[in-house]
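Q: target_18.cif is reproduced below (mmCIF, C-alpha atoms).
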```cif
data_run
#
loop_
_atom_site.label_atom_id
_atom_site.label_comp_id
_atom_site.auth_asym_id
_atom_site.auth_seq_id
_atom_site.Cartn_x
_atom_site.Cartn_y
_atom_site.Cartn_z
CA MET H 1 0.28 18.95 7.98
CA SER H 2 -2.80 16.85 7.16
CA PRO H 3 -5.41 16.38 9.90
CA LYS H 4 -5.35 13.14 11.83
CA PRO H 5 -8.05 10.81 10.48
CA THR H 6 -9.13 9.56 13.90
CA ARG H 7 -10.40 11.07 17.13
CA VAL H 8 -8.71 8.33 19.10
CA THR H 9 -5.63 9.62 20.88
CA ASN H 10 -3.15 7.51 22.77
CA GLN H 11 -0.43 7.63 25.40
CA ILE H 12 1.80 4.98 23.88
CA ARG H 13 4.84 7.22 23.59
CA ALA H 14 4.56 8.27 27.25
CA LEU H 15 3.95 4.69 28.35
CA ARG H 16 7.00 3.50 26.43
CA ALA H 17 9.08 6.12 28.20
CA ALA H 18 7.61 5.20 31.58
CA HIS H 19 8.36 1.52 31.06
CA GLY H 20 12.09 1.74 30.65
CA ASP H 21 12.20 3.48 27.30
CA ILE H 22 10.83 0.60 25.28
CA THR H 23 11.62 1.40 21.66
CA GLN H 24 9.01 1.41 18.91
CA ALA H 25 10.68 -1.65 17.39
CA GLU H 26 10.67 -3.56 20.70
CA LEU H 27 6.98 -2.81 21.20
CA ALA H 28 6.30 -3.83 17.60
CA GLU H 29 8.11 -7.12 18.11
CA ARG H 30 6.07 -7.87 21.24
CA LEU H 31 2.84 -7.10 19.37
CA GLY H 32 3.85 -9.05 16.26
CA VAL H 33 3.58 -6.03 13.97
CA THR H 34 6.05 -3.79 12.17
CA ARG H 35 7.63 -0.67 13.63
CA GLN H 36 5.84 1.33 10.92
CA THR H 37 2.51 0.23 12.40
CA VAL H 38 3.52 1.31 15.91
CA ILE H 39 4.61 4.68 14.51
CA ALA H 40 1.29 5.06 12.65
CA ILE H 41 -0.70 4.24 15.81
CA GLU H 42 1.34 6.67 17.91
CA GLN H 43 0.80 9.44 15.37
CA GLY H 44 -2.95 8.78 15.20
CA LYS H 45 -2.72 7.69 11.57
CA TYR H 46 -4.03 4.20 12.17
CA SER H 47 -6.57 2.81 14.60
CA PRO H 48 -5.58 -0.66 15.75
CA SER H 49 -8.09 -3.46 16.11
CA LEU H 50 -9.67 -3.95 19.51
CA GLU H 51 -7.57 -7.07 19.97
CA MET H 52 -4.32 -5.20 19.28
CA ALA H 53 -5.44 -2.37 21.56
CA PHE H 54 -5.82 -4.88 24.41
CA GLN H 55 -2.43 -6.38 23.56
CA ILE H 56 -0.83 -2.92 23.81
CA ALA H 57 -2.51 -2.29 27.17
CA ARG H 58 -1.31 -5.69 28.39
CA VAL H 59 2.29 -4.92 27.40
CA PHE H 60 2.18 -1.89 29.69
CA SER H 61 0.02 -3.63 32.34
CA VAL H 62 -2.53 -0.80 32.35
CA PRO H 63 -6.27 -0.59 31.58
CA LEU H 64 -7.24 0.08 27.98
CA ASP H 65 -8.47 3.62 28.69
CA GLU H 66 -5.06 4.59 30.03
CA VAL H 67 -3.64 3.84 26.60
CA PHE H 68 -6.41 5.12 24.31
CA GLN H 69 -8.78 8.05 24.74
CA TYR H 70 -11.65 9.17 22.54
CA GLN H 71 -11.81 12.92 21.81
CA GLU H 72 -15.38 14.17 21.99
CA ASP H 73 -16.54 16.53 19.24
CA ASP H 74 -16.75 20.04 20.75
CA ALA H 75 -19.43 21.11 18.26
CA SER H 76 -21.88 18.34 19.16
CA MET Y 77 34.90 -13.09 11.84
CA ILE Y 78 31.53 -13.54 13.51
CA ALA Y 79 28.87 -11.08 12.36
CA PRO Y 80 27.13 -9.19 15.18
CA GLU Y 81 23.62 -10.25 16.11
CA PRO Y 82 21.05 -8.29 14.06
CA ARG Y 83 19.45 -5.58 16.16
CA LEU Y 84 16.14 -3.74 16.22
CA PRO Y 85 16.22 -0.10 15.04
CA ARG Y 86 16.39 2.75 17.53
CA ASP Y 87 13.57 5.30 17.57
CA ASP Y 88 15.79 7.97 16.04
CA GLU Y 89 16.57 5.83 12.99
CA PRO Y 90 14.34 6.33 9.95
CA SER Y 91 11.90 3.50 9.33
CA VAL Y 92 11.96 1.78 5.96
CA MET Y 93 9.03 1.84 3.57
CA SER Y 94 6.91 -1.28 4.01
CA MET Y 95 7.13 -3.92 1.29
CA GLU Y 96 3.45 -3.42 0.51
CA GLU Y 97 3.81 0.32 0.01
CA ARG Y 98 6.88 -0.26 -2.13
CA SER Y 99 4.92 -2.79 -4.21
CA SER Y 100 2.13 -0.25 -4.66
CA TRP Y 101 4.59 2.34 -5.97
CA ILE Y 102 6.12 -0.18 -8.37
CA LEU Y 103 2.72 -1.34 -9.62
CA LEU Y 104 1.57 2.26 -10.02
CA VAL Y 105 4.65 3.28 -12.03
CA PHE Y 106 4.53 0.28 -14.37
CA THR Y 107 0.77 0.47 -14.87
CA VAL Y 108 0.87 4.16 -15.76
CA ALA Y 109 3.91 3.73 -18.04
CA THR Y 110 2.63 0.71 -19.96
CA SER Y 111 -0.93 1.95 -20.41
CA VAL Y 112 0.32 5.35 -21.61
CA GLY Y 113 2.75 3.56 -23.92
CA TYR Y 114 -0.04 1.37 -25.31
CA LEU Y 115 -2.26 4.38 -25.98
CA ALA Y 116 0.65 6.28 -27.55
CA VAL Y 117 1.18 3.44 -30.02
CA LEU Y 118 -2.51 2.96 -30.73
CA ALA Y 119 -3.72 6.56 -31.01
CA PRO Y 120 -1.96 7.40 -34.33
CA GLN Y 121 -3.32 4.21 -35.90
CA LEU Y 122 -6.87 4.92 -34.73
CA ALA Y 123 -6.63 8.41 -36.17
CA SER Y 124 -5.43 7.27 -39.58
CA ARG Y 125 -7.24 4.04 -40.45
CA PRO Y 126 -10.50 2.13 -39.82
CA ALA Y 127 -10.81 0.53 -36.38
CA ASP Y 128 -10.94 -3.00 -37.85
CA GLU Y 129 -7.48 -2.52 -39.39
CA VAL Y 130 -5.76 -1.28 -36.26
CA GLY Y 131 -3.11 -3.69 -34.94
CA TRP Y 132 -3.80 -3.66 -31.22
CA VAL Y 133 -2.84 -7.23 -30.25
CA THR Y 134 0.95 -6.90 -30.35
CA PRO Y 135 1.09 -3.55 -28.47
CA MET Y 136 -1.25 -4.94 -25.81
CA ILE Y 137 0.77 -8.14 -25.36
CA TRP Y 138 3.94 -6.06 -25.03
CA ALA Y 139 2.30 -3.71 -22.54
CA VAL Y 140 0.99 -6.57 -20.39
CA CYS Y 141 4.28 -8.51 -20.52
CA ILE Y 142 6.42 -5.47 -19.70
CA SER Y 143 4.10 -4.61 -16.84
CA VAL Y 144 4.02 -8.11 -15.33
CA VAL Y 145 7.74 -8.80 -15.74
CA GLY Y 146 8.68 -5.28 -14.63
CA VAL Y 147 6.56 -5.45 -11.47
CA VAL Y 148 7.82 -8.91 -10.51
CA VAL Y 149 11.50 -8.17 -11.18
CA SER Y 150 11.38 -4.71 -9.56
CA SER Y 151 9.61 -6.06 -6.47
CA ILE Y 152 12.20 -8.82 -6.06
CA VAL Y 153 15.13 -6.45 -6.61
CA ALA Y 154 13.64 -3.87 -4.22
CA GLY Y 155 12.99 -6.51 -1.57
CA ILE Y 156 16.49 -7.99 -1.80
CA GLY Y 157 18.07 -4.53 -1.96
CA THR Y 158 16.24 -3.32 1.15
CA ALA Y 159 17.10 -6.51 3.04
CA VAL Y 160 20.80 -6.16 2.09
CA VAL Y 161 20.93 -2.49 3.14
CA LEU Y 162 19.26 -3.24 6.49
CA THR Y 163 21.60 -6.21 7.07
CA LEU Y 164 24.65 -4.06 6.33
CA ARG Y 165 23.36 -1.61 8.95
CA GLY Y 166 23.09 -4.51 11.39
CA ARG Y 167 19.30 -4.42 11.52
CA LYS Y 168 16.83 -7.31 11.58
CA PHE Y 169 15.34 -6.98 8.13
CA ASP Y 170 12.66 -9.64 8.64
CA ALA Y 171 11.12 -7.67 11.52
CA GLU Y 172 10.94 -4.52 9.41
CA LEU Y 173 9.79 -6.03 6.14
CA GLN Y 174 7.04 -8.36 7.33
CA SER Y 175 3.37 -7.76 6.54
CA ASP Y 176 0.96 -7.13 9.37
CA SER Y 177 -2.66 -6.28 10.12
CA ARG Y 178 -2.22 -2.63 9.03
CA ASP Y 179 -1.10 -3.77 5.59
CA ARG Y 180 -4.13 -6.04 5.31
CA ASP Y 181 -6.48 -3.28 6.52
CA ILE Y 182 -5.04 -0.83 4.00
CA GLU Y 183 -5.33 -3.39 1.20
CA ASN Y 184 -9.00 -4.02 2.02
CA HIS Y 185 -9.64 -0.27 2.37
CA ALA Y 186 -8.19 0.45 -1.08
CA ARG Y 187 -9.82 -2.55 -2.73
CA LEU Y 188 -13.27 -1.56 -1.48
CA ARG Y 189 -12.86 2.04 -2.64
CA ALA Y 190 -11.70 1.07 -6.13
CA TYR Y 191 -14.31 -1.65 -6.60
CA TRP Y 192 -16.89 0.66 -8.20
CA LEU Y 193 -14.44 1.43 -11.02
CA LEU Y 194 -14.00 -2.24 -11.80
CA MET Y 195 -17.79 -2.59 -12.05
CA MET Y 196 -17.93 0.41 -14.39
CA VAL Y 197 -15.25 -1.11 -16.62
CA LEU Y 198 -17.09 -4.43 -16.85
CA LEU Y 199 -20.34 -2.59 -17.62
CA LEU Y 200 -18.64 -0.55 -20.34
CA VAL Y 201 -17.15 -3.68 -21.93
CA PHE Y 202 -20.54 -5.36 -21.79
CA VAL Y 203 -22.19 -2.40 -23.51
CA LEU Y 204 -19.48 -2.34 -26.21
CA LEU Y 205 -19.97 -6.06 -26.82
CA LEU Y 206 -23.74 -5.64 -27.13
CA SER Y 207 -23.33 -2.73 -29.52
CA GLY Y 208 -21.05 -4.74 -31.80
CA ALA Y 209 -18.09 -2.38 -31.44
CA ALA Y 210 -14.80 -3.20 -33.14
CA HIS Y 211 -12.48 -5.52 -31.23
CA VAL Y 212 -9.93 -2.77 -30.77
CA TRP Y 213 -12.41 -0.65 -28.80
CA ILE Y 214 -13.53 -3.53 -26.62
CA ALA Y 215 -9.98 -4.68 -25.88
CA THR Y 216 -8.75 -1.15 -25.27
CA ALA Y 217 -11.66 -0.31 -22.98
CA PHE Y 218 -10.98 -3.49 -21.02
CA TYR Y 219 -7.21 -2.95 -20.78
CA VAL Y 220 -7.29 0.76 -20.03
CA GLY Y 221 -10.20 0.28 -17.63
CA LEU Y 222 -8.33 -2.37 -15.67
CA SER Y 223 -5.26 -0.14 -15.66
CA MET Y 224 -7.33 2.75 -14.30
CA HIS Y 225 -8.71 0.46 -11.62
CA THR Y 226 -5.18 -0.62 -10.66
CA ILE Y 227 -4.00 3.01 -10.59
CA VAL Y 228 -6.89 4.15 -8.39
CA GLU Y 229 -6.40 1.21 -6.01
CA GLN Y 230 -2.68 1.84 -5.66
CA VAL Y 231 -3.20 5.59 -5.15
CA MET Y 232 -5.70 4.77 -2.39
CA ARG Y 233 -3.20 2.43 -0.77
CA ILE Y 234 -0.31 4.90 -0.96
CA ARG Y 235 -2.53 7.67 0.37
CA ALA Y 236 -3.54 5.45 3.31
CA TYR Y 237 0.09 4.65 4.06
CA ARG Y 238 1.14 8.29 3.84
CA ARG Y 239 -1.76 10.15 5.40
CA GLY Y 240 -3.26 7.43 7.56
CA PHE Y 241 -6.77 6.03 7.60
CA VAL Y 242 -9.41 4.72 9.94
CA SER Y 243 -10.90 1.36 9.04
#
```
Starting from the file, give its structure as structure tokens.
A:
Amino acid sequence: MSPKPTRVTNQIRALRAAHGDITQAELAERLGVTRQTVIAIEQGKYSPSLEMAFQIARVFSVPLDEVFQYQEDDAS
Amino acid sequence: MIAPEPRLPRDDEPSVMSMEERSSWILLVFTVATSVGYLAVLAPQLASRPADEVGWVTPMIWAVCISVVGVVVSSIVAGIGTAVVLTLRGRKFDAELQSDSRDRDIENHARLRAYWLLMMVLLLVFVLLLSGAAHVWIATAFYVGLSMHTIVEQVMRIRAYRRGFVS
């Protein structure tokens, strides 16, 4: 499996489950993007814009840092 | 009989390839096929006669026409076919086939990374013009160079769709 290109991790899958099992497609529709984009964000294959990140947090009614976390480099 | 309301896909259903990724595959296939075909027609002539006597215009027009028509027709057929399949499965095809910010980010990402090749092609053509090279070499450098640029750009796009990228 190829390494994820971003250090940004997210809790979208868990938040979807915690909010009544919102499907990827339902979240995508609320964000105005495709399901493929939601899948890519969940898998860490795409970093959304800051605006979309806030939209995602707003859908779940949580602060931004409960949705996205930045993994510090252990070597640095 | 009233058709059921189109529905959104469940998480366990496979997602369809985006229209933009599909277009990249189509463009990649036709660009590779037509530029290889053009070179296959031209190479024997270049090997057997002076450059000024090589008939490059007709093969190039055919290659460009086949590429343009093939990409347009294939994209339309693929788009309609995907929409029909999704509709038959009861899914909302417009929600799954729309373009979004990720598509635009990937397009910009690939365009920026292939830009240097376009500059190299233009520089090469300029040098060939200044050196008074035969038309066949100038035209071929231009055509093959643009094809290479298209191929690199589409490979970058497909790679970004498949492996992910950070803008």
Q: What are the closest atom pairs, with distances in Å to one decimal, for each residue of chain H lying within 12 Å of chain Y, using all atoms listed in the file, rows by chain and rising residue number, as JSON lines?
A:
```
{"residue": "H:Met1", "atom": "CA", "partner": "Y:Arg239", "partner_atom": "CA", "distance": 9.4}
{"residue": "H:Ser2", "atom": "CA", "partner": "Y:Arg239", "partner_atom": "CA", "distance": 7.0}
{"residue": "H:Pro3", "atom": "CA", "partner": "Y:Arg239", "partner_atom": "CA", "distance": 8.5}
{"residue": "H:Lys4", "atom": "CA", "partner": "Y:Gly240", "partner_atom": "CA", "distance": 7.4}
{"residue": "H:Pro5", "atom": "CA", "partner": "Y:Phe241", "partner_atom": "CA", "distance": 5.7}
{"residue": "H:Thr6", "atom": "CA", "partner": "Y:Val242", "partner_atom": "CA", "distance": 6.3}
{"residue": "H:Arg7", "atom": "CA", "partner": "Y:Val242", "partner_atom": "CA", "distance": 9.6}
{"residue": "H:Val8", "atom": "CA", "partner": "Y:Val242", "partner_atom": "CA", "distance": 9.9}
{"residue": "H:Arg13", "atom": "CA", "partner": "Y:Asp87", "partner_atom": "CA", "distance": 10.8}
{"residue": "H:Arg16", "atom": "CA", "partner": "Y:Asp87", "partner_atom": "CA", "distance": 11.2}
{"residue": "H:Ala17", "atom": "CA", "partner": "Y:Asp87", "partner_atom": "CA", "distance": 11.6}
{"residue": "H:Asp21", "atom": "CA", "partner": "Y:Asp87", "partner_atom": "CA", "distance": 10.0}
{"residue": "H:Ile22", "atom": "CA", "partner": "Y:Asp87", "partner_atom": "CA", "distance": 9.4}
{"residue": "H:Thr23", "atom": "CA", "partner": "Y:Asp87", "partner_atom": "CA", "distance": 6.0}
{"residue": "H:Gln24", "atom": "CA", "partner": "Y:Asp87", "partner_atom": "CA", "distance": 6.1}
{"residue": "H:Ala25", "atom": "CA", "partner": "Y:Leu84", "partner_atom": "CA", "distance": 6.0}
{"residue": "H:Glu26", "atom": "CA", "partner": "Y:Leu84", "partner_atom": "CA", "distance": 7.1}
{"residue": "H:Leu27", "atom": "CA", "partner": "Y:Leu84", "partner_atom": "CA", "distance": 10.5}
{"residue": "H:Ala28", "atom": "CA", "partner": "Y:Ala171", "partner_atom": "CA", "distance": 8.7}
{"residue": "H:Glu29", "atom": "CA", "partner": "Y:Ala171", "partner_atom": "CA", "distance": 7.3}
{"residue": "H:Arg30", "atom": "CA", "partner": "Y:Ala171", "partner_atom": "CA", "distance": 11.0}
{"residue": "H:Leu31", "atom": "CA", "partner": "Y:Asp176", "partner_atom": "CA", "distance": 10.2}
{"residue": "H:Gly32", "atom": "CA", "partner": "Y:Asp176", "partner_atom": "CA", "distance": 7.7}
{"residue": "H:Val33", "atom": "CA", "partner": "Y:Asp176", "partner_atom": "CA", "distance": 5.4}
{"residue": "H:Thr34", "atom": "CA", "partner": "Y:Glu172", "partner_atom": "CA", "distance": 5.7}
{"residue": "H:Arg35", "atom": "CA", "partner": "Y:Glu172", "partner_atom": "CA", "distance": 6.6}
{"residue": "H:Gln36", "atom": "CA", "partner": "Y:Ser91", "partner_atom": "CA", "distance": 6.6}
{"residue": "H:Thr37", "atom": "CA", "partner": "Y:Arg178", "partner_atom": "CA", "distance": 6.5}
{"residue": "H:Val38", "atom": "CA", "partner": "Y:Arg178", "partner_atom": "CA", "distance": 9.8}
{"residue": "H:Ile39", "atom": "CA", "partner": "Y:Ser91", "partner_atom": "CA", "distance": 9.0}
{"residue": "H:Ala40", "atom": "CA", "partner": "Y:Gly240", "partner_atom": "CA", "distance": 7.2}
{"residue": "H:Ile41", "atom": "CA", "partner": "Y:Gly240", "partner_atom": "CA", "distance": 9.2}
{"residue": "H:Glu42", "atom": "CA", "partner": "Y:Gly240", "partner_atom": "CA", "distance": 11.4}
{"residue": "H:Gln43", "atom": "CA", "partner": "Y:Gly240", "partner_atom": "CA", "distance": 9.0}
{"residue": "H:Gly44", "atom": "CA", "partner": "Y:Gly240", "partner_atom": "CA", "distance": 7.8}
{"residue": "H:Lys45", "atom": "CA", "partner": "Y:Gly240", "partner_atom": "CA", "distance": 4.1}
{"residue": "H:Tyr46", "atom": "CA", "partner": "Y:Phe241", "partner_atom": "CA", "distance": 5.6}
{"residue": "H:Ser47", "atom": "CA", "partner": "Y:Val242", "partner_atom": "CA", "distance": 5.8}
{"residue": "H:Pro48", "atom": "CA", "partner": "Y:Arg178", "partner_atom": "CA", "distance": 7.8}
{"residue": "H:Ser49", "atom": "CA", "partner": "Y:Ser177", "partner_atom": "CA", "distance": 8.6}
{"residue": "H:Leu50", "atom": "CA", "partner": "Y:Ser243", "partner_atom": "CA", "distance": 11.8}
{"residue": "H:Glu51", "atom": "CA", "partner": "Y:Ser177", "partner_atom": "CA", "distance": 11.0}
{"residue": "H:Met52", "atom": "CA", "partner": "Y:Ser177", "partner_atom": "CA", "distance": 9.4}
```
Q: Find the residue from Y:Arg125, Y:Arg187, Y:His211, Y:Arg98 that sits nearest to Y:Ile152; use only C-alpha atoms when measuring.
A: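 Selected residue with least distance to Y:Ile152: Y:Arg98.
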Q: Would you list the contacts of stretch 57-67 of chain H as a count of residues only, taking every protein, DNA or RNA residue within 8 Å and counting all atoms listed in the file, but skipping same-chain residues closer than 6 positions in sequence?
A: 7
Q: Care to translate the PyMOL selection byres ((chain Y and resi 150) around 12) into actual residues of this file, as a list in words?
A: Met95, Arg98, Ser99, Ser100, Trp101, Ile102, Leu103, Val105, Phe106, Ile142, Ser143, Val144, Val145, Gly146, Val147, Val148, Val149, Ser151, Ile152, Val153, Ala154, Gly155, Ile156, Gly157 and Thr158 of chain Y
Q: Mind pulling up the distance from atom CA of Y:Val197 to atom CA of Y:Ala217?
A: 7.3 Å
Q: Quick one: pull the distance between atom CA of Y:Met136 and atom CA of Y:Ala190, Å, one decimal.
A: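 Interatomic distance, atom CA of Y:Met136 to atom CA of Y:Ala190: 23.1 Å.
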Q: Just the number, please: distance in Å from atom CA of Y:Glu97 to atom CA of Y:Phe218, one decimal.
A: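 For atom CA of Y:Glu97 relative to atom CA of Y:Phe218, the distance reads 26.0 Å.
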Q: Written as a list in words, which residues does the PyMOL selection byres ((chain Y and resi 214) around 12) give for the file shown?
A: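 Written out, the selection comes to Ala127, Asp128, Trp132, Val133, Val197, Leu198, Leu199, Leu200, Val201, Phe202, Val203, Leu204, Leu205, Leu206, Ser207, Gly208, Ala209, Ala210, His211, Val212, Trp213, Ala215, Thr216, Ala217, Phe218, Tyr219, Val220 and Gly221 of chain Y.
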Q: Deliver the residues from the most recent selection as a file, using C-alpha atoms, as a tab-separated table (two decimals), in the coordinates of the input.
A:
```tsv
chain	number	residue	atom	x	y	z
Y	127	ALA	CA	-10.81	0.53	-36.38
Y	128	ASP	CA	-10.94	-3.00	-37.85
Y	132	TRP	CA	-3.80	-3.66	-31.22
Y	133	VAL	CA	-2.84	-7.23	-30.25
Y	197	VAL	CA	-15.25	-1.11	-16.62
Y	198	LEU	CA	-17.09	-4.43	-16.85
Y	199	LEU	CA	-20.34	-2.59	-17.62
Y	200	LEU	CA	-18.64	-0.55	-20.34
Y	201	VAL	CA	-17.15	-3.68	-21.93
Y	202	PHE	CA	-20.54	-5.36	-21.79
Y	203	VAL	CA	-22.19	-2.40	-23.51
Y	204	LEU	CA	-19.48	-2.34	-26.21
Y	205	LEU	CA	-19.97	-6.06	-26.82
Y	206	LEU	CA	-23.74	-5.64	-27.13
Y	207	SER	CA	-23.33	-2.73	-29.52
Y	208	GLY	CA	-21.05	-4.74	-31.80
Y	209	ALA	CA	-18.09	-2.38	-31.44
Y	210	ALA	CA	-14.80	-3.20	-33.14
Y	211	HIS	CA	-12.48	-5.52	-31.23
Y	212	VAL	CA	-9.93	-2.77	-30.77
Y	213	TRP	CA	-12.41	-0.65	-28.80
Y	215	ALA	CA	-9.98	-4.68	-25.88
Y	216	THR	CA	-8.75	-1.15	-25.27
Y	217	ALA	CA	-11.66	-0.31	-22.98
Y	218	PHE	CA	-10.98	-3.49	-21.02
Y	219	TYR	CA	-7.21	-2.95	-20.78
Y	220	VAL	CA	-7.29	0.76	-20.03
Y	221	GLY	CA	-10.20	0.28	-17.63
```
